[in-house]
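Structure data follow from coords.cif (mmCIF, C-alpha atoms):
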```
data_my_file
loop_
_atom_site.label_atom_id
_atom_site.label_comp_id
_atom_site.auth_asym_id
_atom_site.auth_seq_id
_atom_site.Cartn_x
_atom_site.Cartn_y
_atom_site.Cartn_z
CA MET A 8 115.12 165.56 128.20
CA SER A 9 111.86 163.95 129.35
CA THR A 10 113.57 160.55 129.65
CA ILE A 11 116.18 162.08 131.98
CA ALA A 12 113.74 164.15 134.05
CA ALA A 13 111.40 161.23 134.82
CA PRO A 14 113.90 159.34 136.99
CA GLU A 15 114.85 162.64 138.65
CA ARG A 16 111.21 163.17 139.70
CA GLY A 17 110.85 159.55 140.85
CA ARG A 18 113.79 159.60 143.25
CA PRO A 19 112.19 161.82 145.95
CA ARG A 20 109.12 159.57 145.96
CA THR A 21 111.30 156.48 146.31
CA ARG A 22 113.21 158.06 149.18
CA LEU A 23 109.95 159.16 150.80
CA ARG A 24 108.54 155.63 150.60
CA LYS A 25 111.74 154.15 151.96
CA GLY A 26 111.77 156.64 154.83
CA ALA A 27 108.12 155.91 155.61
CA GLY A 28 108.81 152.17 155.56
CA LEU A 29 111.77 152.54 157.92
CA GLY A 30 109.71 154.78 160.20
CA LEU A 31 106.88 152.24 160.29
CA LEU A 32 109.36 149.45 161.03
CA ALA A 33 110.85 151.50 163.87
CA TRP A 34 107.39 152.10 165.36
CA LEU A 35 106.51 148.40 165.14
CA THR A 36 109.79 147.44 166.79
CA GLY A 37 109.19 149.95 169.56
CA ILE A 38 105.67 148.63 170.13
CA VAL A 39 106.93 145.04 170.30
CA PHE A 40 109.47 146.00 172.98
CA PHE A 41 106.93 148.15 174.85
CA LEU A 42 104.15 145.55 174.99
CA PRO A 43 105.71 143.43 177.77
CA ILE A 44 106.15 146.54 179.93
CA ALA A 45 102.57 147.64 179.26
CA TRP A 46 101.31 144.14 180.07
CA MET A 47 103.33 144.09 183.30
CA ALA A 48 101.90 147.48 184.31
CA LEU A 49 98.33 146.35 183.59
CA THR A 50 98.78 143.07 185.46
CA SER A 51 100.13 144.92 188.50
CA PHE A 52 96.72 146.61 188.94
CA HIS A 53 94.80 143.30 188.90
CA SER A 54 93.99 140.99 191.77
CA GLU A 55 95.92 137.75 192.01
CA GLU A 56 92.94 135.73 190.80
CA ASP A 57 92.43 137.92 187.72
CA ALA A 58 96.17 138.03 186.97
CA ALA A 59 96.35 134.22 186.95
CA THR A 60 93.46 133.66 184.51
CA ASN A 61 94.20 131.99 181.20
CA PRO A 62 93.45 133.52 178.74
CA PRO A 63 94.15 136.85 180.47
CA SER A 64 91.27 139.19 181.23
CA PHE A 65 91.65 142.72 179.88
CA THR A 66 88.47 144.01 181.51
CA ALA A 67 89.13 142.77 185.06
CA ALA A 68 88.62 145.15 187.94
CA LEU A 69 91.63 147.28 188.88
CA THR A 70 93.07 147.31 192.38
CA LEU A 71 96.13 148.60 194.27
CA ASP A 72 96.52 145.50 196.43
CA GLY A 73 99.81 144.54 194.76
CA TYR A 74 101.34 147.95 195.48
CA ARG A 75 100.02 147.97 199.05
CA GLU A 76 101.69 144.65 199.73
CA PHE A 77 104.92 145.77 198.06
CA PHE A 78 105.16 148.91 200.22
CA GLY A 79 104.35 146.96 203.37
CA ALA A 80 100.90 148.44 203.97
CA ASP A 81 99.60 144.98 204.97
CA GLY A 82 102.25 144.44 207.62
CA GLY A 83 104.95 143.10 205.30
CA ALA A 84 108.56 144.18 205.02
CA SER A 85 109.25 147.70 203.78
CA PRO A 86 111.08 147.99 200.43
CA TRP A 87 112.78 151.30 201.26
CA PRO A 88 115.96 149.86 202.83
CA SER A 89 116.46 147.66 199.76
CA LEU A 90 115.83 150.56 197.38
CA ILE A 91 118.27 152.74 199.30
CA ASN A 92 120.91 149.99 199.23
CA SER A 93 120.51 149.61 195.46
CA THR A 94 120.78 153.37 195.00
CA VAL A 95 123.93 153.61 197.11
CA ALA A 96 125.61 150.64 195.42
CA SER A 97 124.69 151.76 191.89
CA VAL A 98 125.51 155.46 192.24
CA ALA A 99 128.72 154.98 194.24
CA SER A 100 130.06 152.32 191.87
CA MET A 101 129.08 154.44 188.86
CA ILE A 102 131.04 157.42 190.21
CA LEU A 103 134.09 155.27 190.97
CA VAL A 104 133.96 153.72 187.50
CA LEU A 105 133.87 157.12 185.81
CA LEU A 106 136.75 158.43 187.95
CA LEU A 107 138.88 155.43 186.98
CA ALA A 108 137.76 154.97 183.37
CA LEU A 109 138.36 158.55 182.19
CA PRO A 110 142.14 158.67 182.86
CA ALA A 111 142.51 155.06 181.71
CA ALA A 112 140.75 155.82 178.42
CA TYR A 113 142.90 158.96 178.05
CA ALA A 114 146.04 156.82 178.34
CA LEU A 115 144.73 154.32 175.79
CA SER A 116 143.36 156.72 173.17
CA ILE A 117 144.73 160.27 173.28
CA ARG A 118 148.13 159.49 174.79
CA PRO A 119 148.38 155.77 174.04
CA VAL A 120 150.71 153.69 176.20
CA LYS A 121 152.86 150.91 174.79
CA ARG A 122 150.95 147.83 173.65
CA TRP A 123 147.65 149.59 174.29
CA THR A 124 145.79 147.04 172.16
CA ASP A 125 146.95 144.29 174.53
CA VAL A 126 145.69 146.35 177.45
CA LEU A 127 142.26 146.70 175.85
CA PHE A 128 142.15 142.97 175.15
CA PHE A 129 143.04 142.28 178.79
CA PHE A 130 140.13 144.45 179.90
CA LEU A 131 137.83 142.57 177.54
CA SER A 132 139.16 139.16 178.64
CA THR A 133 138.00 139.82 182.20
CA LYS A 134 134.39 139.65 180.95
CA MET A 135 134.95 136.19 179.42
CA LEU A 136 134.98 134.48 182.82
CA PRO A 137 131.48 133.41 183.90
CA VAL A 138 130.37 135.36 186.95
CA VAL A 139 129.42 132.20 188.81
CA ALA A 140 133.00 130.89 188.46
CA GLY A 141 134.30 133.65 190.72
CA LEU A 142 131.45 133.49 193.19
CA LEU A 143 133.04 131.02 195.65
CA PRO A 144 136.44 132.78 195.94
CA ILE A 145 134.71 136.13 196.44
CA TYR A 146 132.40 134.65 199.05
CA LEU A 147 135.32 133.12 200.98
CA PHE A 148 137.24 136.41 200.81
CA ALA A 149 134.22 138.38 202.03
CA LYS A 150 133.62 135.90 204.84
CA ASN A 151 137.22 135.98 206.09
CA ALA A 152 137.34 139.78 205.78
CA GLY A 153 134.08 140.20 207.68
CA MET A 154 132.40 141.98 204.74
CA LEU A 155 129.40 139.73 204.21
CA ASP A 156 126.12 141.63 204.18
CA ASN A 157 128.04 144.87 203.57
CA ILE A 158 126.86 147.31 200.92
CA TRP A 159 130.41 148.57 200.28
CA LEU A 160 131.45 145.10 199.19
CA LEU A 161 128.86 145.36 196.43
CA VAL A 162 130.21 148.80 195.52
CA LEU A 163 133.69 147.34 195.01
CA LEU A 164 132.34 144.37 193.05
CA TYR A 165 130.14 146.49 190.78
CA THR A 166 133.05 148.88 190.16
CA SER A 167 135.35 146.03 189.10
CA MET A 168 132.62 144.44 186.97
CA ASN A 169 131.71 147.63 185.07
CA LEU A 170 135.17 149.15 184.74
CA PRO A 171 136.26 147.11 181.64
CA ILE A 172 133.09 148.05 179.75
CA ALA A 173 133.46 151.70 180.77
CA VAL A 174 137.10 151.83 179.60
CA TRP A 175 136.15 150.34 176.23
CA MET A 176 133.30 152.80 175.77
CA MET A 177 135.29 155.82 176.92
CA HIS A 178 138.18 154.80 174.65
CA SER A 179 135.95 154.99 171.59
CA PHE A 180 134.51 158.33 172.72
CA LEU A 181 137.84 159.99 173.51
CA SER A 182 139.30 158.83 170.19
CA GLU A 183 136.99 161.35 168.50
CA ILE A 184 138.43 164.34 170.41
CA PRO A 185 140.92 166.38 168.31
CA VAL A 186 144.41 166.07 169.74
CA ALA A 187 145.18 169.63 168.60
CA VAL A 188 142.76 171.03 171.20
CA ILE A 189 144.55 169.17 173.98
CA GLU A 190 147.99 170.19 172.73
CA ALA A 191 146.89 173.84 172.61
CA ALA A 192 145.75 173.64 176.24
CA GLN A 193 149.03 172.02 177.27
CA ILE A 194 151.00 174.76 175.51
CA ASP A 195 149.05 177.29 177.58
CA GLY A 196 150.23 175.51 180.73
CA ALA A 197 147.30 173.21 181.50
CA ARG A 198 148.28 170.15 183.51
CA LEU A 199 146.75 166.69 183.16
CA PRO A 200 144.00 167.14 185.83
CA THR A 201 142.97 170.42 184.17
CA VAL A 202 142.97 168.81 180.72
CA LEU A 203 140.80 165.94 181.97
CA THR A 204 138.26 168.07 183.85
CA ARG A 205 138.04 171.23 181.74
CA ILE A 206 138.88 170.06 178.21
CA ILE A 207 138.14 166.38 177.77
CA ALA A 208 135.19 165.94 180.14
CA PRO A 209 133.02 168.72 178.59
CA MET A 210 133.77 167.56 175.04
CA ALA A 211 133.06 163.91 175.89
CA LEU A 212 130.02 164.66 178.06
CA PRO A 213 127.55 162.66 175.89
CA GLY A 214 129.86 159.65 176.00
CA ILE A 215 130.34 160.00 179.75
CA ALA A 216 126.57 160.19 180.24
CA ALA A 217 126.04 157.07 178.13
CA THR A 218 128.73 155.19 180.05
CA ALA A 219 127.32 156.32 183.40
CA LEU A 220 123.80 155.22 182.48
CA ILE A 221 124.90 151.77 181.32
CA CYS A 222 127.00 151.22 184.46
CA PHE A 223 124.06 152.34 186.62
CA ILE A 224 121.70 149.93 184.86
CA PHE A 225 124.12 146.99 185.17
CA SER A 226 124.65 147.67 188.88
CA TRP A 227 120.96 148.21 189.61
CA ASN A 228 119.94 144.96 187.89
CA GLU A 229 122.68 142.72 189.35
CA LEU A 230 121.22 139.83 191.33
CA LEU A 231 123.67 136.92 191.72
CA PHE A 232 126.29 138.58 193.94
CA ALA A 233 123.66 140.52 195.86
CA ARG A 234 121.71 137.33 196.50
CA VAL A 235 124.71 135.36 197.80
CA LEU A 236 126.75 138.05 199.59
CA THR A 237 124.00 140.02 201.32
CA GLY A 238 121.44 139.21 203.96
CA VAL A 239 119.18 141.70 205.71
CA VAL A 240 121.33 144.80 206.13
CA ALA A 241 122.66 145.12 202.56
CA GLU A 242 119.74 143.52 200.70
CA THR A 243 119.19 145.19 197.31
CA ALA A 244 115.98 145.77 195.38
CA PRO A 245 116.31 142.75 193.01
CA VAL A 246 116.85 140.48 196.02
CA PHE A 247 113.80 141.99 197.73
CA LEU A 248 111.82 141.31 194.55
CA THR A 249 112.62 137.59 194.64
CA GLY A 250 110.97 137.36 198.05
CA PHE A 251 107.54 137.64 196.40
CA ILE A 252 108.07 134.44 194.39
CA THR A 253 106.81 131.47 196.38
CA SER A 254 106.06 127.82 195.67
CA GLN A 255 102.57 128.17 197.14
CA GLY A 256 99.83 130.64 196.34
CA LEU A 257 99.49 133.30 193.66
CA PHE A 258 102.12 136.02 193.30
CA LEU A 259 101.99 137.31 189.70
CA ALA A 260 100.29 140.65 190.46
CA LYS A 261 102.63 141.38 193.39
CA VAL A 262 105.70 140.55 191.32
CA CYS A 263 104.50 142.80 188.48
CA ALA A 264 103.88 145.67 190.91
CA ALA A 265 107.30 145.20 192.52
CA SER A 266 109.02 144.92 189.12
CA LEU A 267 107.39 148.11 187.88
CA VAL A 268 108.39 150.11 190.96
CA ILE A 269 111.96 148.77 190.91
CA SER A 270 112.25 149.54 187.17
CA LEU A 271 111.16 153.17 187.59
CA PRO A 272 114.61 154.57 188.58
CA VAL A 273 116.22 153.01 185.51
CA LEU A 274 113.41 154.23 183.23
CA ALA A 275 113.57 157.72 184.74
CA ALA A 276 117.36 157.90 184.36
CA GLY A 277 117.15 156.71 180.75
CA PHE A 278 114.40 159.22 179.94
CA ALA A 279 116.27 162.11 181.56
CA ALA A 280 119.51 161.32 179.73
CA GLN A 281 118.06 160.13 176.44
CA ASP A 282 119.52 162.97 174.35
CA LYS A 283 122.98 162.50 175.86
CA LEU A 284 122.62 158.74 175.51
CA VAL A 285 121.86 158.92 171.79
CA GLN A 286 124.73 161.34 171.19
CA GLY A 287 127.11 159.26 173.26
CA LEU A 288 126.30 155.92 171.67
CA SER A 289 126.72 157.43 168.21
CA LEU A 290 129.83 159.45 169.08
CA GLY A 291 132.33 156.70 168.38
CA ALA A 292 130.33 154.91 165.71
CA VAL A 293 131.43 156.90 162.65
CA LYS A 294 135.00 157.90 162.02
#
```
Encoded form using structure tokens:
Amino acid sequence: MSTIAAPERGRPRTRLRKGAGLGLLAWLTGIVFFLPIAWMALTSFHSEEDAATNPPSFTAALTLDGYREFFGADGGASPWPSLINSTVASVASMILVLLLALPAAYALSIRPVKRWTDVLFFFLSTKMLPVVAGLLPIYLFAKNAGMLDNIWLLVLLYTSMNLPIAVWMMHSFLSEIPVAVIEAAQIDGARLPTVLTRIIAPMALPGIAATALICFIFSWNELLFARVLTGVVAETAPVFLTGFITSQGLFLAKVCAASLVISLPVLAAGFAAQDKLVQGLSLGAVK
């Protein structure tokens, strides 16, 4: 019996060591990803001369000059119009994407249409075209339609760009919802809008939150279309950030300060929805 009990006692220790090793690996990975953000935050509080030293100085004096210049305290342009434009474009496109993706995912997962796999592949194929390849036709359309430097043009573009990803994500989330629950609601007289809003949406809330956050991040970080199709009125935050990069003079501290401020909405949204994000991303992972 002793030869059988020894392996039994050794298994918890082996699992404990394996769990500790995985936990240590996770912490190291997190630190590696966090270090660039920490370095950017530290650099943003340095003067331009200290930020440009090589090797970098960890004990340099701290200053708020980079943030003062970003917020226009020294007579520069104010970032608030650009931040507001990014917020409007990201939030409005995110809402439109969710309104369109939920019924589309319902038709492709719970009540599948004919050749639904071909439909999903078509959605995915739209992401295979390089963004720059469609830049000229979109620019000519916007110019002829009088929509250049218009924030609602970006809303339409971001909606069309994020909709295929949202449909794919929502399809995997809705596939986990028991069909019997929906059939029971329909037997009780619930119509499709009621099923979508009162049955499916609450059950798929983690997946919806994850989809919304990813669409918000993609829209907030988009630069190419915003750079080409906007000017002064509809300028977004990433475009405003590029204005600090010059061919003459030092700009590293100002860019780090601007990058940190512009990243705060995304970081805050991710932190606020982290529990829903984890549940949503793991909802369709295991059958």
So what do you get for CA of Leu131 (chain A) versus CA of Ala108 (chain A), distance-wise?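 If I compute the distance from CA of Leu131 (chain A) to CA of Ala108 (chain A), I get 13.7 Å.
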Å distance separating CA of Glu56 (chain A) from CA of Gly73 (chain A), one decimal place: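 Interatomic distance here is 11.9 Å.
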Among listed residues A:Pro137, A:Gly196, A:Gly250, A:Pro88, nearest Met168 (chain A) (using only C-alpha atoms): A:Pro137
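Picture a line from CA of Phe247 (chain A) to CA of Ala68 (chain A); it runs 27.2 Å.
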Of the candidates A:Val174, A:Leu220, A:Ser179, A:Asn92, which shows the shortest atom-to-atom distance to Ala276 (chain A), using only C-alpha atoms?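 The closest residue to Ala276 (chain A) is A:Leu220.
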Chain and number of each residue from the PyMOL selection byres ((chain A and resi 39-51) around 7), as number ranges by chain: A: 35-38, 52-53, 58, 73, 260-261, 263-264, 267
Put those residues in a file: C-alpha atoms, as a PDB file, in the frame of the given file.
```
ATOM      1  CA  LEU A  35     106.510 148.400 165.140  1.00  0.00           C
ATOM      2  CA  THR A  36     109.790 147.440 166.790  1.00  0.00           C
ATOM      3  CA  GLY A  37     109.190 149.950 169.560  1.00  0.00           C
ATOM      4  CA  ILE A  38     105.670 148.630 170.130  1.00  0.00           C
ATOM      5  CA  PHE A  52      96.720 146.610 188.940  1.00  0.00           C
ATOM      6  CA  HIS A  53      94.800 143.300 188.900  1.00  0.00           C
ATOM      7  CA  ALA A  58      96.170 138.030 186.970  1.00  0.00           C
ATOM      8  CA  GLY A  73      99.810 144.540 194.760  1.00  0.00           C
ATOM      9  CA  ALA A 260     100.290 140.650 190.460  1.00  0.00           C
ATOM     10  CA  LYS A 261     102.630 141.380 193.390  1.00  0.00           C
ATOM     11  CA  CYS A 263     104.500 142.800 188.480  1.00  0.00           C
ATOM     12  CA  ALA A 264     103.880 145.670 190.910  1.00  0.00           C
ATOM     13  CA  LEU A 267     107.390 148.110 187.880  1.00  0.00           C
TER      14      LEU A 267
END
```
Between A:Leu136, A:Val235, A:Ile117, A:Leu29, smallest distance to Leu181 (chain A) by all atoms listed in the file belongs to A:Ile117
May I ask which of the residues A:Tyr113, A:Phe128, A:Tyr165, A:Phe78 is the closest one to Phe223 (chain A), counting all atoms listed in the file? A:Tyr165
Compile the contact shell of Ala191 (chain A) as a PyMOL selection string: residues with an atom at most 12 Å away, counting all atoms listed in the file, same-chain residues fewer than 6 positions apart removed. chain A and resi 185+197-198+202+206
Exactly which residues make up the result of the PyMOL selection byres ((chain A and resi 158) around 7) on this file, given as an MDAnalysis selection string? chainID A and resid 92 96 156:157 159:162 241
Could the centre and edge lengths of an axis-aligned box, enclosing all atoms of region 105-116 of chain A in the file with 3 Å extra on each side, be given in Å to one decimal as lines of an AutoDock Vina configuration file?
```
center_x = 140.0
center_y = 156.6
center_z = 180.6
size_x = 18.2
size_y = 10.6
size_z = 20.8
```
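Closest approach to Tyr74 (chain A) among A:Val262, A:Ala192, A:Ile102, A:Phe130: A:Val262, based on all atoms listed in the file.
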Atom completion result for region 225-236 of chain A (all heavy atoms) as a CSV table (one decimal), in the coordinates of the input:
```csv
chain,number,residue,atom,x,y,z
A,225,PHE,N,123.5,148.3,184.9
A,225,PHE,CA,124.1,147.0,185.2
A,225,PHE,C,124.2,146.8,186.7
A,225,PHE,O,123.9,145.7,187.2
A,225,PHE,CB,125.5,146.9,184.6
A,225,PHE,CG,125.5,146.7,183.1
A,225,PHE,CD1,126.7,146.7,182.3
A,225,PHE,CD2,124.3,146.4,182.4
A,225,PHE,CE1,126.7,146.5,181.0
A,225,PHE,CE2,124.3,146.2,181.0
A,225,PHE,CZ,125.5,146.3,180.3
A,226,SER,N,124.6,147.8,187.4
A,226,SER,CA,124.6,147.7,188.9
A,226,SER,C,123.3,147.5,189.5
A,226,SER,O,123.1,146.7,190.4
A,226,SER,CB,125.4,148.9,189.5
A,226,SER,OG,126.7,149.0,189.0
A,227,TRP,N,122.3,148.3,189.0
A,227,TRP,CA,121.0,148.2,189.6
A,227,TRP,C,120.3,146.8,189.4
A,227,TRP,O,119.6,146.3,190.2
A,227,TRP,CB,120.1,149.3,189.0
A,227,TRP,CG,118.7,149.4,189.6
A,227,TRP,CD1,117.6,148.7,189.2
A,227,TRP,CD2,118.3,150.2,190.7
A,227,TRP,NE1,116.5,149.1,190.0
A,227,TRP,CE2,116.9,150.0,190.9
A,227,TRP,CE3,119.0,151.2,191.5
A,227,TRP,CZ2,116.2,150.7,191.9
A,227,TRP,CZ3,118.3,151.8,192.5
A,227,TRP,CH2,116.9,151.5,192.7
A,228,ASN,N,120.6,146.2,188.2
A,228,ASN,CA,119.9,145.0,187.9
A,228,ASN,C,120.7,143.7,188.4
A,228,ASN,O,120.2,142.6,188.3
A,228,ASN,CB,119.8,144.8,186.4
A,228,ASN,CG,118.8,145.9,185.8
A,228,ASN,OD1,117.9,146.3,186.5
A,228,ASN,ND2,119.0,146.2,184.5
A,229,GLU,N,121.9,143.9,188.9
A,229,GLU,CA,122.7,142.7,189.4
A,229,GLU,C,122.0,142.0,190.5
A,229,GLU,O,121.5,142.6,191.5
A,229,GLU,CB,124.1,143.2,189.8
A,229,GLU,CG,125.1,142.1,189.8
A,229,GLU,CD,125.0,141.2,191.0
A,229,GLU,OE1,124.7,141.7,192.1
A,229,GLU,OE2,125.3,140.0,190.8
A,230,LEU,N,121.9,140.6,190.4
A,230,LEU,CA,121.2,139.8,191.3
A,230,LEU,C,122.1,138.8,192.0
A,230,LEU,O,122.0,138.5,193.2
A,230,LEU,CB,120.0,139.2,190.7
A,230,LEU,CG,119.2,138.2,191.5
A,230,LEU,CD1,118.6,138.9,192.7
A,230,LEU,CD2,118.1,137.5,190.7
A,231,LEU,N,123.0,138.1,191.2
A,231,LEU,CA,123.7,136.9,191.7
A,231,LEU,C,124.5,137.2,192.9
A,231,LEU,O,124.4,136.6,194.0
A,231,LEU,CB,124.5,136.3,190.6
A,231,LEU,CG,125.3,135.0,191.0
A,231,LEU,CD1,124.3,133.9,191.4
A,231,LEU,CD2,126.2,134.6,189.8
A,232,PHE,N,125.4,138.2,192.8
A,232,PHE,CA,126.3,138.6,193.9
A,232,PHE,C,125.5,139.1,195.1
A,232,PHE,O,125.8,138.8,196.3
A,232,PHE,CB,127.3,139.6,193.5
A,232,PHE,CG,128.5,139.0,192.7
A,232,PHE,CD1,128.8,139.4,191.5
A,232,PHE,CD2,129.3,138.0,193.3
A,232,PHE,CE1,129.8,138.9,190.8
A,232,PHE,CE2,130.3,137.4,192.6
A,232,PHE,CZ,130.6,137.9,191.3
A,233,ALA,N,124.5,139.9,194.8
A,233,ALA,CA,123.7,140.5,195.9
A,233,ALA,C,122.9,139.4,196.6
A,233,ALA,O,122.7,139.5,197.8
A,233,ALA,CB,122.7,141.6,195.3
A,234,ARG,N,122.5,138.4,195.9
A,234,ARG,CA,121.7,137.3,196.5
A,234,ARG,C,122.6,136.5,197.4
A,234,ARG,O,122.1,136.1,198.5
A,234,ARG,CB,121.1,136.4,195.4
A,234,ARG,CG,120.3,135.3,195.9
A,234,ARG,CD,119.0,135.8,196.5
A,234,ARG,NE,118.1,134.7,196.9
A,234,ARG,CZ,116.9,134.8,197.5
A,234,ARG,NH1,116.5,136.0,197.8
A,234,ARG,NH2,116.2,133.8,197.8
A,235,VAL,N,123.8,136.3,197.0
A,235,VAL,CA,124.7,135.4,197.8
A,235,VAL,C,125.5,136.1,198.9
A,235,VAL,O,125.6,135.6,200.0
A,235,VAL,CB,125.7,134.7,196.9
A,235,VAL,CG1,126.7,133.8,197.6
A,235,VAL,CG2,125.0,133.8,195.8
A,236,LEU,N,125.9,137.3,198.7
A,236,LEU,CA,126.8,138.0,199.6
A,236,LEU,C,126.0,139.0,200.6
A,236,LEU,O,126.7,139.6,201.4
A,236,LEU,CB,127.8,138.9,198.8
A,236,LEU,CG,128.7,138.1,197.8
A,236,LEU,CD1,129.6,139.0,197.0
A,236,LEU,CD2,129.5,137.0,198.6
```
